[in-house]
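Participant: Dropping in input32.cif, which is mmCIF, C-alpha atoms and all ligand atoms:
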data_coords
loop_
_atom_site.label_atom_id
_atom_site.label_comp_id
_atom_site.auth_asym_id
_atom_site.auth_seq_id
_atom_site.Cartn_x
_atom_site.Cartn_y
_atom_site.Cartn_z
CA MET W 269 15.97 9.88 13.50
CA PHE W 270 13.97 7.79 11.08
CA SER W 271 11.43 6.63 13.62
CA PHE W 272 9.22 9.59 12.82
CA PHE W 273 9.19 8.76 9.16
CA LYS W 274 8.45 5.12 9.85
CA LYS W 275 5.51 6.23 11.91
CA LYS W 276 4.36 8.51 9.10
CA LYS W 277 4.56 5.66 6.65
CA LYS W 278 2.34 3.47 8.77
CA GLU W 279 -0.21 6.23 9.02
CA GLU W 280 -0.14 6.61 5.33
CA GLU W 281 -0.91 2.95 4.81
CA ILE W 282 -3.83 3.35 7.14
CA VAL W 283 -5.03 6.33 5.19
CA VAL W 284 -4.84 4.37 1.98
CA GLU W 285 -6.65 1.45 3.58
CA GLU W 286 -9.38 3.70 4.85
CA ALA W 287 -9.91 5.12 1.43
CA LYS W 288 -11.23 1.76 0.34
CA GLN W 289 -14.30 2.02 2.55
CA SER W 290 -17.67 2.64 0.97
CA GLU W 291 -18.41 6.15 -0.17
CA GLN W 292 -21.32 6.73 2.16
CA GLN W 293 -19.36 5.67 5.17
CA GLN W 294 -16.61 7.93 4.02
CA THR W 295 -18.82 10.97 3.79
CA GLU W 296 -20.49 10.35 7.13
CA GLN W 297 -17.21 9.84 8.86
CA ALA W 298 -15.68 12.80 7.14
CA GLN W 299 -18.36 15.05 8.46
CA ASN W 300 -17.96 13.80 12.01
CA GLU W 301 -14.22 13.70 12.25
CA PRO W 302 -12.27 16.81 13.00
CA VAL W 303 -9.89 17.20 10.06
CA LYS W 304 -7.12 18.52 12.25
CA GLU W 305 -6.41 15.05 13.56
CA GLU W 306 -4.49 14.20 10.46
CA ILE W 307 -2.06 17.08 10.64
CA GLN W 308 0.92 16.62 12.84
CA GLU W 309 3.88 18.82 13.49
CA ILE W 310 7.08 17.50 12.00
CA PRO W 311 9.99 18.29 14.31
CA THR W 312 11.93 20.81 12.21
CA GLN W 313 15.28 19.53 13.37
CA GLU W 314 14.56 16.09 11.98
CA ILE W 315 13.61 17.48 8.61
CA GLU W 316 16.72 19.61 8.50
CA GLU W 317 18.93 16.65 9.36
CA LYS W 318 17.27 14.58 6.70
CA ILE W 319 17.56 17.26 4.07
CA SER W 320 21.23 17.88 4.72
CA ASN W 321 21.93 14.15 4.45
CA GLU W 322 20.10 14.06 1.13
CA GLU W 323 22.08 17.00 -0.17
CA ASN W 324 25.30 15.17 0.56
CA GLU W 325 24.02 12.11 -1.25
CA VAL W 326 23.02 14.12 -4.28
CA GLU W 327 26.37 15.84 -4.47
CA LYS W 328 28.16 12.51 -4.31
CA SER W 329 26.07 10.95 -7.02
CA GLU W 330 26.43 13.99 -9.24
CA VAL W 331 30.19 13.66 -9.06
CA GLU W 332 29.96 9.97 -9.90
CA ASN W 333 27.74 10.68 -12.86
CA LEU W 334 30.01 13.39 -14.17
CA ASN W 335 32.81 10.89 -14.58
CA ASP W 336 30.65 8.76 -16.87
CA VAL W 337 29.54 11.54 -19.18
CA LYS W 338 31.48 12.06 -22.39
CA GLU W 339 31.53 15.51 -23.95
CA PRO W 340 29.41 15.37 -27.09
CA GLU W 341 30.91 16.64 -30.32
CA PRO W 342 29.87 20.30 -30.68
CA LYS W 343 28.68 19.80 -34.23
CA GLN W 344 26.52 16.82 -33.34
CA GLU W 345 25.09 18.79 -30.47
CA GLU W 346 24.08 21.61 -32.79
CA SER W 347 22.34 19.40 -35.29
CA LYS W 348 20.57 17.62 -32.45
CA LYS W 349 19.32 20.96 -31.17
CA GLU W 350 18.15 21.86 -34.65
CA GLU W 351 16.33 18.53 -34.89
CA GLU W 352 14.63 19.06 -31.54
CA LYS W 353 13.57 22.52 -32.61
CA GLU W 354 12.03 21.18 -35.81
CA GLU W 355 10.30 18.42 -33.89
CA LYS W 356 8.82 20.91 -31.46
CA LYS W 357 7.66 23.12 -34.28
CA GLY W 358 5.98 20.07 -35.78
CA PHE W 359 4.16 19.36 -32.53
CA PHE W 360 2.93 22.93 -32.32
CA ALA W 361 1.86 22.83 -35.93
CA ARG W 362 -0.27 19.74 -35.28
CA ALA W 363 -1.68 21.12 -32.02
CA LEU W 364 -2.49 24.42 -33.66
CA GLU W 365 -4.27 22.94 -36.67
CA LYS W 366 -7.59 24.54 -35.76
CA THR W 367 -6.02 27.90 -35.06
CA PHE W 368 -4.28 27.73 -38.44
CA GLY W 369 -7.65 27.05 -40.05
CA ASN W 370 -8.81 30.40 -38.70
CA ILE W 371 -5.63 32.19 -39.72
CA LYS W 372 -5.95 30.86 -43.28
CA THR W 373 -9.32 32.52 -43.70
CA VAL W 374 -7.47 35.84 -43.40
CA ILE W 375 -4.17 34.97 -45.09
CA PRO W 376 -4.86 32.06 -47.47
CA THR W 377 -1.46 32.07 -49.22
CA LYS W 378 2.06 32.44 -47.89
CA LYS W 379 3.77 35.73 -48.64
CA GLU W 380 7.09 37.46 -48.18
CA LYS W 381 5.54 40.58 -46.71
CA ILE W 382 2.08 40.90 -45.22
CA SER W 383 0.00 44.05 -44.73
CA PHE W 384 -0.50 45.55 -41.31
CA ASP W 385 -4.28 45.13 -41.58
CA ASP W 386 -4.05 41.43 -42.48
CA ILE W 387 -1.72 40.68 -39.59
CA GLU W 388 -4.00 42.55 -37.25
CA GLU W 389 -7.04 40.63 -38.45
CA MET W 390 -5.19 37.34 -38.27
CA LEU W 391 -4.26 37.97 -34.63
CA ILE W 392 -7.85 38.89 -33.80
CA GLU W 393 -9.02 35.67 -35.45
CA SER W 394 -6.60 33.64 -33.34
CA ASP W 395 -8.13 35.16 -30.20
CA MET W 396 -5.32 37.43 -29.15
CA GLU W 397 -6.75 40.29 -27.09
CA TYR W 398 -7.01 43.57 -28.98
CA GLU W 399 -5.10 45.47 -26.35
CA ILE W 400 -2.17 43.09 -26.76
CA ILE W 401 -2.37 43.29 -30.55
CA GLU W 402 -2.09 47.06 -30.40
CA LYS W 403 0.85 46.82 -28.07
CA ALA W 404 2.61 44.22 -30.22
CA MET W 405 2.11 46.04 -33.51
CA ASP W 406 2.75 49.56 -32.38
CA GLY W 407 5.02 51.32 -34.89
CA LEU W 408 5.26 48.46 -37.42
CA PRO W 409 5.27 49.52 -41.12
CA GLU W 410 2.43 49.10 -43.64
CA MET W 411 4.06 45.94 -45.04
CA ILE W 412 5.50 43.66 -42.37
CA THR W 413 8.27 41.10 -42.78
CA ARG W 414 8.56 37.85 -40.91
CA LYS W 415 11.51 39.06 -38.93
CA GLN W 416 9.74 42.20 -37.77
CA LEU W 417 6.65 40.33 -36.66
CA ARG W 418 8.61 37.50 -35.09
CA HIS W 419 10.48 39.86 -32.84
CA ARG W 420 7.27 41.49 -31.62
CA LEU W 421 5.43 38.22 -31.00
CA VAL W 422 8.27 36.54 -29.11
CA MET W 423 8.58 39.66 -26.96
CA LEU W 424 5.06 39.08 -25.65
CA PHE W 425 6.36 36.04 -23.73
CA GLU W 426 8.98 37.95 -21.83
CA HIS W 427 8.02 36.56 -18.45
CA ALA W 428 10.67 34.04 -17.62
CA PRO W 429 10.25 31.41 -14.91
CA ASP W 430 12.00 32.32 -11.70
CA VAL W 431 12.92 28.78 -10.66
CA ASP W 432 16.46 27.63 -11.29
CA LEU W 433 15.78 24.31 -12.98
CA SER W 434 19.38 23.19 -12.63
CA ASN W 435 19.27 23.27 -8.86
CA LEU W 436 15.88 22.05 -7.71
CA PRO W 437 15.07 21.33 -4.10
CA LYS W 438 14.29 17.71 -3.26
CA PRO W 439 11.51 16.91 -3.13
CA PHE W 440 10.37 19.49 -5.65
CA VAL W 441 6.77 20.21 -4.71
CA ARG W 442 4.23 21.37 -7.25
CA LEU W 443 0.69 22.35 -6.36
CA ILE W 444 -1.78 22.13 -9.22
CA ILE W 445 -4.69 24.56 -9.19
CA GLY W 446 -7.48 25.59 -11.57
CA VAL W 447 -11.22 25.34 -12.15
CA ASN W 448 -13.04 22.02 -12.61
CA GLY W 449 -12.57 20.51 -16.02
CA ALA W 450 -9.49 22.60 -16.84
CA GLY W 451 -7.40 19.45 -17.03
CA LYS W 452 -5.64 19.40 -13.64
CA THR W 453 -5.79 15.67 -12.98
CA THR W 454 -4.85 14.73 -16.54
CA THR W 455 -1.95 17.19 -16.47
CA ILE W 456 -0.71 15.70 -13.18
CA ALA W 457 -0.61 12.30 -14.87
CA LYS W 458 1.34 13.81 -17.77
CA LEU W 459 3.82 15.49 -15.42
CA ALA W 460 4.27 12.26 -13.47
CA ASN W 461 4.86 10.41 -16.72
CA LYS W 462 7.47 13.00 -17.69
CA SER W 463 9.20 12.61 -14.33
CA LYS W 464 9.41 8.89 -14.79
CA LYS W 465 10.83 9.25 -18.26
CA GLU W 466 13.54 11.49 -16.81
CA ASN W 467 14.32 8.79 -14.25
CA LYS W 468 13.00 10.92 -11.43
CA SER W 469 10.84 9.40 -8.71
CA VAL W 470 7.45 10.97 -8.17
CA ILE W 471 4.55 10.80 -5.73
CA LEU W 472 1.03 12.12 -6.20
CA GLY W 473 -1.28 13.69 -3.63
CA ALA W 474 -5.02 13.35 -4.31
CA GLY W 475 -5.91 16.74 -2.89
CA ASP W 476 -9.22 17.14 -4.72
CA THR W 477 -11.13 15.57 -1.86
CA PHE W 478 -14.34 17.36 -2.77
CA ARG W 479 -15.48 14.65 -5.18
CA ALA W 480 -14.91 10.91 -4.77
CA ALA W 481 -14.60 10.64 -8.55
CA ALA W 482 -11.61 12.98 -8.51
CA ILE W 483 -9.75 10.76 -6.04
CA GLU W 484 -10.63 7.72 -8.17
CA GLN W 485 -9.45 9.40 -11.36
CA LEU W 486 -6.03 10.22 -9.98
CA SER W 487 -5.71 6.74 -8.44
CA THR W 488 -6.42 5.16 -11.80
CA TRP W 489 -3.65 7.24 -13.35
CA ALA W 490 -1.28 6.36 -10.50
CA ASP W 491 -1.95 2.65 -11.13
CA LYS W 492 -1.48 3.05 -14.83
CA LEU W 493 1.78 4.93 -14.43
CA ASP W 494 2.87 2.79 -11.51
CA VAL W 495 3.61 5.71 -9.20
CA PRO W 496 2.71 6.03 -5.50
CA ILE W 497 -0.25 8.11 -4.43
CA ILE W 498 -1.44 9.46 -1.08
CA LYS W 499 -5.18 9.74 -0.78
CA THR W 500 -7.86 10.08 1.80
CA LYS W 501 -11.60 9.92 2.11
CA GLN W 502 -13.92 12.21 0.23
CA GLY W 503 -14.65 15.32 2.22
CA HIS W 504 -11.48 15.14 4.26
CA ASP W 505 -9.05 17.98 4.61
CA PRO W 506 -6.90 18.20 1.48
CA SER W 507 -4.12 19.95 3.38
CA ALA W 508 -3.70 16.74 5.39
CA VAL W 509 -3.20 14.92 2.10
CA ALA W 510 -0.64 17.52 1.04
CA TYR W 511 1.17 17.15 4.35
CA ASP W 512 1.26 13.36 4.15
CA THR W 513 2.38 13.37 0.53
CA ILE W 514 5.30 15.68 1.24
CA SER W 515 6.27 13.79 4.41
CA SER W 516 6.21 10.58 2.50
CA ALA W 517 8.42 12.05 -0.23
CA LEU W 518 10.90 13.24 2.39
CA ALA W 519 10.93 9.83 4.07
CA ARG W 520 11.35 7.93 0.82
CA ASN W 521 13.78 10.36 -0.78
CA ILE W 522 11.41 11.01 -3.69
CA ASP W 523 12.32 13.68 -6.28
CA ASN W 524 8.96 15.15 -7.22
CA VAL W 525 5.69 15.77 -5.43
CA ILE W 526 2.59 16.74 -7.39
CA ILE W 527 -0.54 17.67 -5.48
CA ASP W 528 -4.02 17.90 -6.97
CA THR W 529 -6.61 20.36 -5.64
CA ALA W 530 -10.34 20.93 -5.97
CA GLY W 531 -11.48 23.38 -8.61
CA ARG W 532 -14.79 24.18 -7.01
CA LEU W 533 -16.21 24.09 -3.51
CA GLN W 534 -19.55 25.08 -2.02
CA THR W 535 -18.52 28.72 -2.10
CA GLN W 536 -15.69 30.74 -3.54
CA GLN W 537 -14.72 31.72 -0.02
CA ASN W 538 -14.31 28.06 0.93
CA LEU W 539 -12.09 27.51 -2.06
CA ASN W 540 -9.97 30.52 -1.19
CA ASN W 541 -9.54 29.36 2.39
CA GLU W 542 -8.79 25.81 1.37
CA LEU W 543 -6.11 26.77 -1.13
CA LYS W 544 -4.47 29.15 1.30
CA LYS W 545 -4.45 26.48 3.97
CA ILE W 546 -2.91 23.88 1.65
CA VAL W 547 -0.10 26.29 0.78
CA LYS W 548 0.54 26.98 4.46
CA VAL W 549 0.55 23.31 5.39
CA CYS W 550 2.92 22.42 2.54
CA ASN W 551 5.36 24.93 3.99
CA LYS W 552 4.93 23.31 7.38
CA ALA W 553 5.69 19.87 5.98
CA TYR W 554 8.72 21.11 4.07
CA GLU W 555 9.81 24.69 4.39
CA GLY W 556 9.81 26.59 1.13
CA SER W 557 7.23 24.34 -0.51
CA PRO W 558 5.17 24.35 -2.62
CA HIS W 559 7.97 25.40 -4.94
CA GLN W 560 5.60 25.94 -7.81
CA LYS W 561 1.92 26.77 -7.79
CA LEU W 562 0.87 25.88 -11.30
CA LEU W 563 -2.35 27.15 -12.75
CA ILE W 564 -4.03 24.92 -15.29
CA LEU W 565 -6.02 26.82 -17.91
CA ASP W 566 -8.35 25.35 -20.50
CA GLY W 567 -7.07 26.61 -23.86
CA THR W 568 -10.45 26.18 -25.53
CA GLN W 569 -11.73 29.03 -23.40
CA GLY W 570 -9.33 31.45 -25.00
CA ASN W 571 -9.27 34.85 -23.41
CA THR W 572 -12.01 34.12 -20.90
CA ALA W 573 -9.49 31.98 -19.04
CA ILE W 574 -7.64 35.17 -18.14
CA ALA W 575 -10.28 36.35 -15.67
CA GLN W 576 -10.13 32.96 -13.94
CA ALA W 577 -6.39 33.09 -13.80
CA LYS W 578 -6.42 36.53 -12.23
CA ALA W 579 -8.75 35.30 -9.50
CA PHE W 580 -6.48 32.35 -8.65
CA ASN W 581 -3.43 34.56 -8.78
CA GLU W 582 -4.98 36.83 -6.20
CA ILE W 583 -5.74 33.94 -3.86
CA VAL W 584 -2.42 32.14 -3.75
CA GLY W 585 -0.01 33.77 -6.21
CA VAL W 586 0.65 31.64 -9.27
CA ASP W 587 4.18 30.82 -10.46
CA GLY W 588 3.39 29.57 -13.92
CA ILE W 589 0.73 28.34 -16.27
CA ILE W 590 -0.02 25.17 -18.15
CA VAL W 591 -2.50 25.62 -20.99
CA THR W 592 -4.42 22.45 -21.82
CA LYS W 593 -6.42 21.33 -24.86
CA LEU W 594 -4.40 23.33 -27.34
CA ASP W 595 -5.23 20.50 -29.74
CA GLY W 596 -8.94 21.24 -29.53
CA THR W 597 -8.96 24.99 -29.94
CA ALA W 598 -8.95 27.54 -32.72
CA LYS W 599 -7.94 30.12 -30.15
CA GLY W 600 -4.23 29.38 -29.91
CA GLY W 601 -3.48 33.09 -30.07
CA ALA W 602 -4.86 33.42 -26.57
CA LEU W 603 -1.53 32.07 -25.33
CA PHE W 604 0.03 35.44 -26.15
CA SER W 605 -2.51 37.36 -24.08
CA ILE W 606 -2.55 34.80 -21.27
CA SER W 607 1.18 35.07 -20.67
CA ASN W 608 1.37 38.80 -21.32
CA GLN W 609 -1.65 39.90 -19.33
CA LEU W 610 -0.87 37.74 -16.33
CA GLU W 611 2.84 38.47 -16.53
CA LEU W 612 3.49 34.78 -15.99
CA PRO W 613 5.44 32.16 -17.93
CA ILE W 614 3.70 29.29 -19.70
CA PHE W 615 5.61 26.15 -18.73
CA PHE W 616 3.77 23.48 -20.70
CA VAL W 617 0.91 23.00 -23.08
CA GLY W 618 -1.42 20.02 -23.21
CA ILE W 619 -1.98 18.68 -26.70
CA GLY W 620 -4.22 15.67 -26.08
CA GLU W 621 -5.69 13.38 -23.45
CA LYS W 622 -2.89 10.82 -23.24
CA GLN W 623 0.01 10.71 -20.83
CA ASP W 624 2.54 11.76 -23.48
CA ASP W 625 0.48 14.70 -24.73
CA LEU W 626 2.36 17.36 -22.82
CA MET W 627 4.91 19.66 -24.37
CA GLU W 628 7.34 22.04 -22.85
CA PHE W 629 6.33 25.47 -24.06
CA SER W 630 8.85 27.49 -25.98
CA PRO W 631 7.92 30.95 -27.32
CA ASP W 632 10.40 30.73 -30.23
CA GLU W 633 9.04 27.51 -31.67
CA PHE W 634 5.45 28.48 -30.98
CA VAL W 635 5.82 31.76 -32.87
CA ASP W 636 7.79 30.11 -35.70
CA SER W 637 5.16 27.47 -36.27
CA ILE W 638 2.58 30.25 -36.74
CA LEU W 639 4.83 32.30 -39.00
CA ASP W 640 5.60 29.23 -41.14
CA GLU W 641 1.90 29.20 -42.05
CA ILE W 642 1.80 32.73 -43.44
CA TYR W 643 5.32 33.69 -44.60
CA THR W 644 7.18 32.19 -47.51
CA GLU W 645 10.71 32.65 -46.24
CA GLU W 646 12.91 34.57 -43.88
CA THR W 647 13.30 38.15 -45.15
CA ASN W 648 14.84 41.23 -43.67
N1 LIG S 701 -8.04 17.21 -26.01
C1 LIG S 701 -7.54 17.37 -24.80
N2 LIG S 701 -8.27 17.04 -23.71
C2 LIG S 701 -7.73 17.22 -22.48
C3 LIG S 701 -6.43 17.77 -22.31
N3 LIG S 701 -6.19 17.85 -20.98
C4 LIG S 701 -7.29 17.35 -20.36
N4 LIG S 701 -8.23 16.98 -21.24
C5 LIG S 701 -9.58 16.41 -20.96
O1 LIG S 701 -10.34 17.36 -20.25
C6 LIG S 701 -11.25 16.72 -19.36
C7 LIG S 701 -11.09 17.28 -17.94
O2 LIG S 701 -9.80 16.94 -17.45
P1 LIG S 701 -9.48 16.71 -15.92
O3 LIG S 701 -8.04 16.37 -15.83
O4 LIG S 701 -10.42 15.75 -15.30
O5 LIG S 701 -9.76 18.17 -15.34
P2 LIG S 701 -9.79 18.68 -13.83
O6 LIG S 701 -11.24 18.74 -13.41
O7 LIG S 701 -9.19 20.05 -13.87
O8 LIG S 701 -9.00 17.72 -13.02
C8 LIG S 701 -10.93 15.23 -19.45
O9 LIG S 701 -11.85 14.63 -20.30
C9 LIG S 701 -9.54 15.20 -20.07
O10 LIG S 701 -9.28 14.03 -20.78
C10 LIG S 701 -5.68 18.14 -23.49
O11 LIG S 701 -4.55 18.65 -23.45
N5 LIG S 701 -6.28 17.92 -24.69
MG MG S 702 -9.51 16.66 -11.33
#
Starting from the file, lay out its structure as structure tokens.

Facilitator:
Amino acid sequence: MFSFFKKKKKEEEIVVEEAKQSEQQQTEQAQNEPVKEEIQEIPTQEIEEKISNEENEVEKSEVENLNDVKEPEPKQEESKKEEEKEEKKGFFARALEKTFGNIKTVIPTKKEKISFDDIEEMLIESDMEYEIIEKAMDGLPEMITRKQLRHRLVMLFEHAPDVDLSNLPKPFVRLIIGVNGAGKTTTIAKLANKSKKENKSVILGAGDTFRAAAIEQLSTWADKLDVPIIKTKQGHDPSAVAYDTISSALARNIDNVIIDTAGRLQTQQNLNNELKKIVKVCNKAYEGSPHQKLLILDGTQGNTAIAQAKAFNEIVGVDGIIVTKLDGTAKGGALFSISNQLELPIFFVGIGEKQDDLMEFSPDEFVDSILDEIYTEETN
């Protein structure tokens, strides 16, 4: 039953080899070759067999691991959680420095209660959409306490992820989409780095085949992080890359697949068709995938990112958002409107250009780090 996967692996090596050819050759060839050649049907039965074997293996290893784990003391656990919470708040506080600068122009000193008008102005300054501000503040009194405001702000992030993180399929396939420059490739590197840190294996698919530089950029990250990558020539069909990446993950029993995509093509229609095709082909390679279609939004664009997000959501249906460049924006308040308007969860935020500059998003800590800037203490 493994012969198919062996064959796939060989093909993959060829693909990687081919990618080393000169760029011009690549483009010429790409234009002449029918892209379909690279897509092959995987016999479903073989995949099913393979998956069920993997499931058995996972179950066995989980049982083994369970025997090694000691129950932590409940008290220790609590203080650890508290520590983590504080740490996260600290990260947000640093990432939101510019947004705080804006907020301070409205509320320069910390208070116990803050007037309705000041809160409203502060939220406008942080780039929260007015419609959302009205919704959040509806019915609040003239003088607002921390607790009252906290409740309303946290409520804006009510859209919970619908993936059960405790029981992920293997491989777990994520498709990364978004406009050029949003931070897709950098975020893929950060996610791969996170996988590695969690002792999960990961493989990347260089699906932005529109520009040679994009393939190069992801390859450089793959080298740096020492993770495998499947790539092809510039101009080739990205869905073939997606197919090969997923097949390779299945063959090598890899935990996570992350696939890059182009942010811009010759026309919007081309982009729509390409993204739809990639999604379809992922499902062909491994039924049910991609498990997450993650939209990368540039945080420095504030509310204008929402229109983009809506367009992508209409094309392929987005499962969650990652907001990048939170470190470089004074518009941190846009996170409220992004999540609320799109009715989607924010999974992570990017807080810098390095591989470790990715943070799991948590509405509680995000809101608290803002409130810490304007309120003196918890009041009722
Ligand atoms: N400051 C900062 N820069 C970022 C962040 N994420 C990405 N970038 C930068 O944004 C630029 C575009 O990123 P890239 O990953 O190439 O975007 P892509 O075109 O969507 O793949 C690069 O210069 C990145 O280093 C972030 O969280 N913070
Ligand atoms: Mg890119």

Participant: Dig up all the protein and nucleic acid residues within 10 Å of (-10.1, 39.9, -24.3) in the file frame, using only C-alpha atoms, and format them as a PDB file with C-alpha atoms, in the frame of the given file.

Facilitator:
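Written out: selection.pdb:
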ATOM      1  CA  ILE W 392      -7.850  38.890 -33.800  1.00  0.00           C
ATOM      2  CA  ASP W 395      -8.130  35.160 -30.200  1.00  0.00           C
ATOM      3  CA  MET W 396      -5.320  37.430 -29.150  1.00  0.00           C
ATOM      4  CA  GLU W 397      -6.750  40.290 -27.090  1.00  0.00           C
ATOM      5  CA  TYR W 398      -7.010  43.570 -28.980  1.00  0.00           C
ATOM      6  CA  GLU W 399      -5.100  45.470 -26.350  1.00  0.00           C
ATOM      7  CA  ILE W 400      -2.170  43.090 -26.760  1.00  0.00           C
ATOM      8  CA  GLY W 570      -9.330  31.450 -25.000  1.00  0.00           C
ATOM      9  CA  ASN W 571      -9.270  34.850 -23.410  1.00  0.00           C
ATOM     10  CA  THR W 572     -12.010  34.120 -20.900  1.00  0.00           C
ATOM     11  CA  ALA W 573      -9.490  31.980 -19.040  1.00  0.00           C
ATOM     12  CA  ILE W 574      -7.640  35.170 -18.140  1.00  0.00           C
ATOM     13  CA  ALA W 575     -10.280  36.350 -15.670  1.00  0.00           C
ATOM     14  CA  ALA W 602      -4.860  33.420 -26.570  1.00  0.00           C
ATOM     15  CA  SER W 605      -2.510  37.360 -24.080  1.00  0.00           C
ATOM     16  CA  ILE W 606      -2.550  34.800 -21.270  1.00  0.00           C
ATOM     17  CA  GLN W 609      -1.650  39.900 -19.330  1.00  0.00           C
TER      18      GLN W 609
END

Participant: Which is closer to ligand MG 702 (chain S) than all the others in W:Asp528, W:Glu365, W:Glu355, W:Glu345, using all atoms listed in the file?

Facilitator: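 Looking only at the distances to ligand MG 702 (chain S), the closest residue turns out to be W:Asp528.
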
Participant: Determine the nearest neighbour of W:Leu408 from the options W:Ile642, W:Ala517, W:Ile382, W:Met390, counting only C-alpha atoms.

Facilitator: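 Among W:Ile642, W:Ala517, W:Ile382, W:Met390, it is W:Ile382 that comes nearest to W:Leu408.
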
Participant: For W:Val422, list every protein, DNA or RNA residue within 7 Å, evaluated using all atoms listed in the file, and leave out those in the same chain fewer than 3 positions away; present the list as a list in words.

Facilitator: Arg418, His419, Phe425, Pro631, Asp632 and Val635 of chain W

Participant: Show me, as a PyMOL selection string, the residues that have an atom within 7 Å of stretch 547-552 of chain W when counting all atoms listed in the file, minus same-chain residues fewer than 6 positions from it.

Facilitator: chain W and resi 507+510-511+558

Participant: Within 10 Å of ligand MG 702 (chain S), counting all atoms listed in the file: which residues, as a ChimeraX atom specification?

Facilitator: /W:444-456,474-479,481-486,528-531

Participant: Would you mind telling me which residue in W:Asn467, W:Thr597, W:Thr377, W:Ser516 lies nearest to ligand LIG 701 (chain S) when using all atoms listed in the file?

Facilitator: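 Among W:Asn467, W:Thr597, W:Thr377, W:Ser516, it is W:Thr597 that comes nearest to ligand LIG 701 (chain S).
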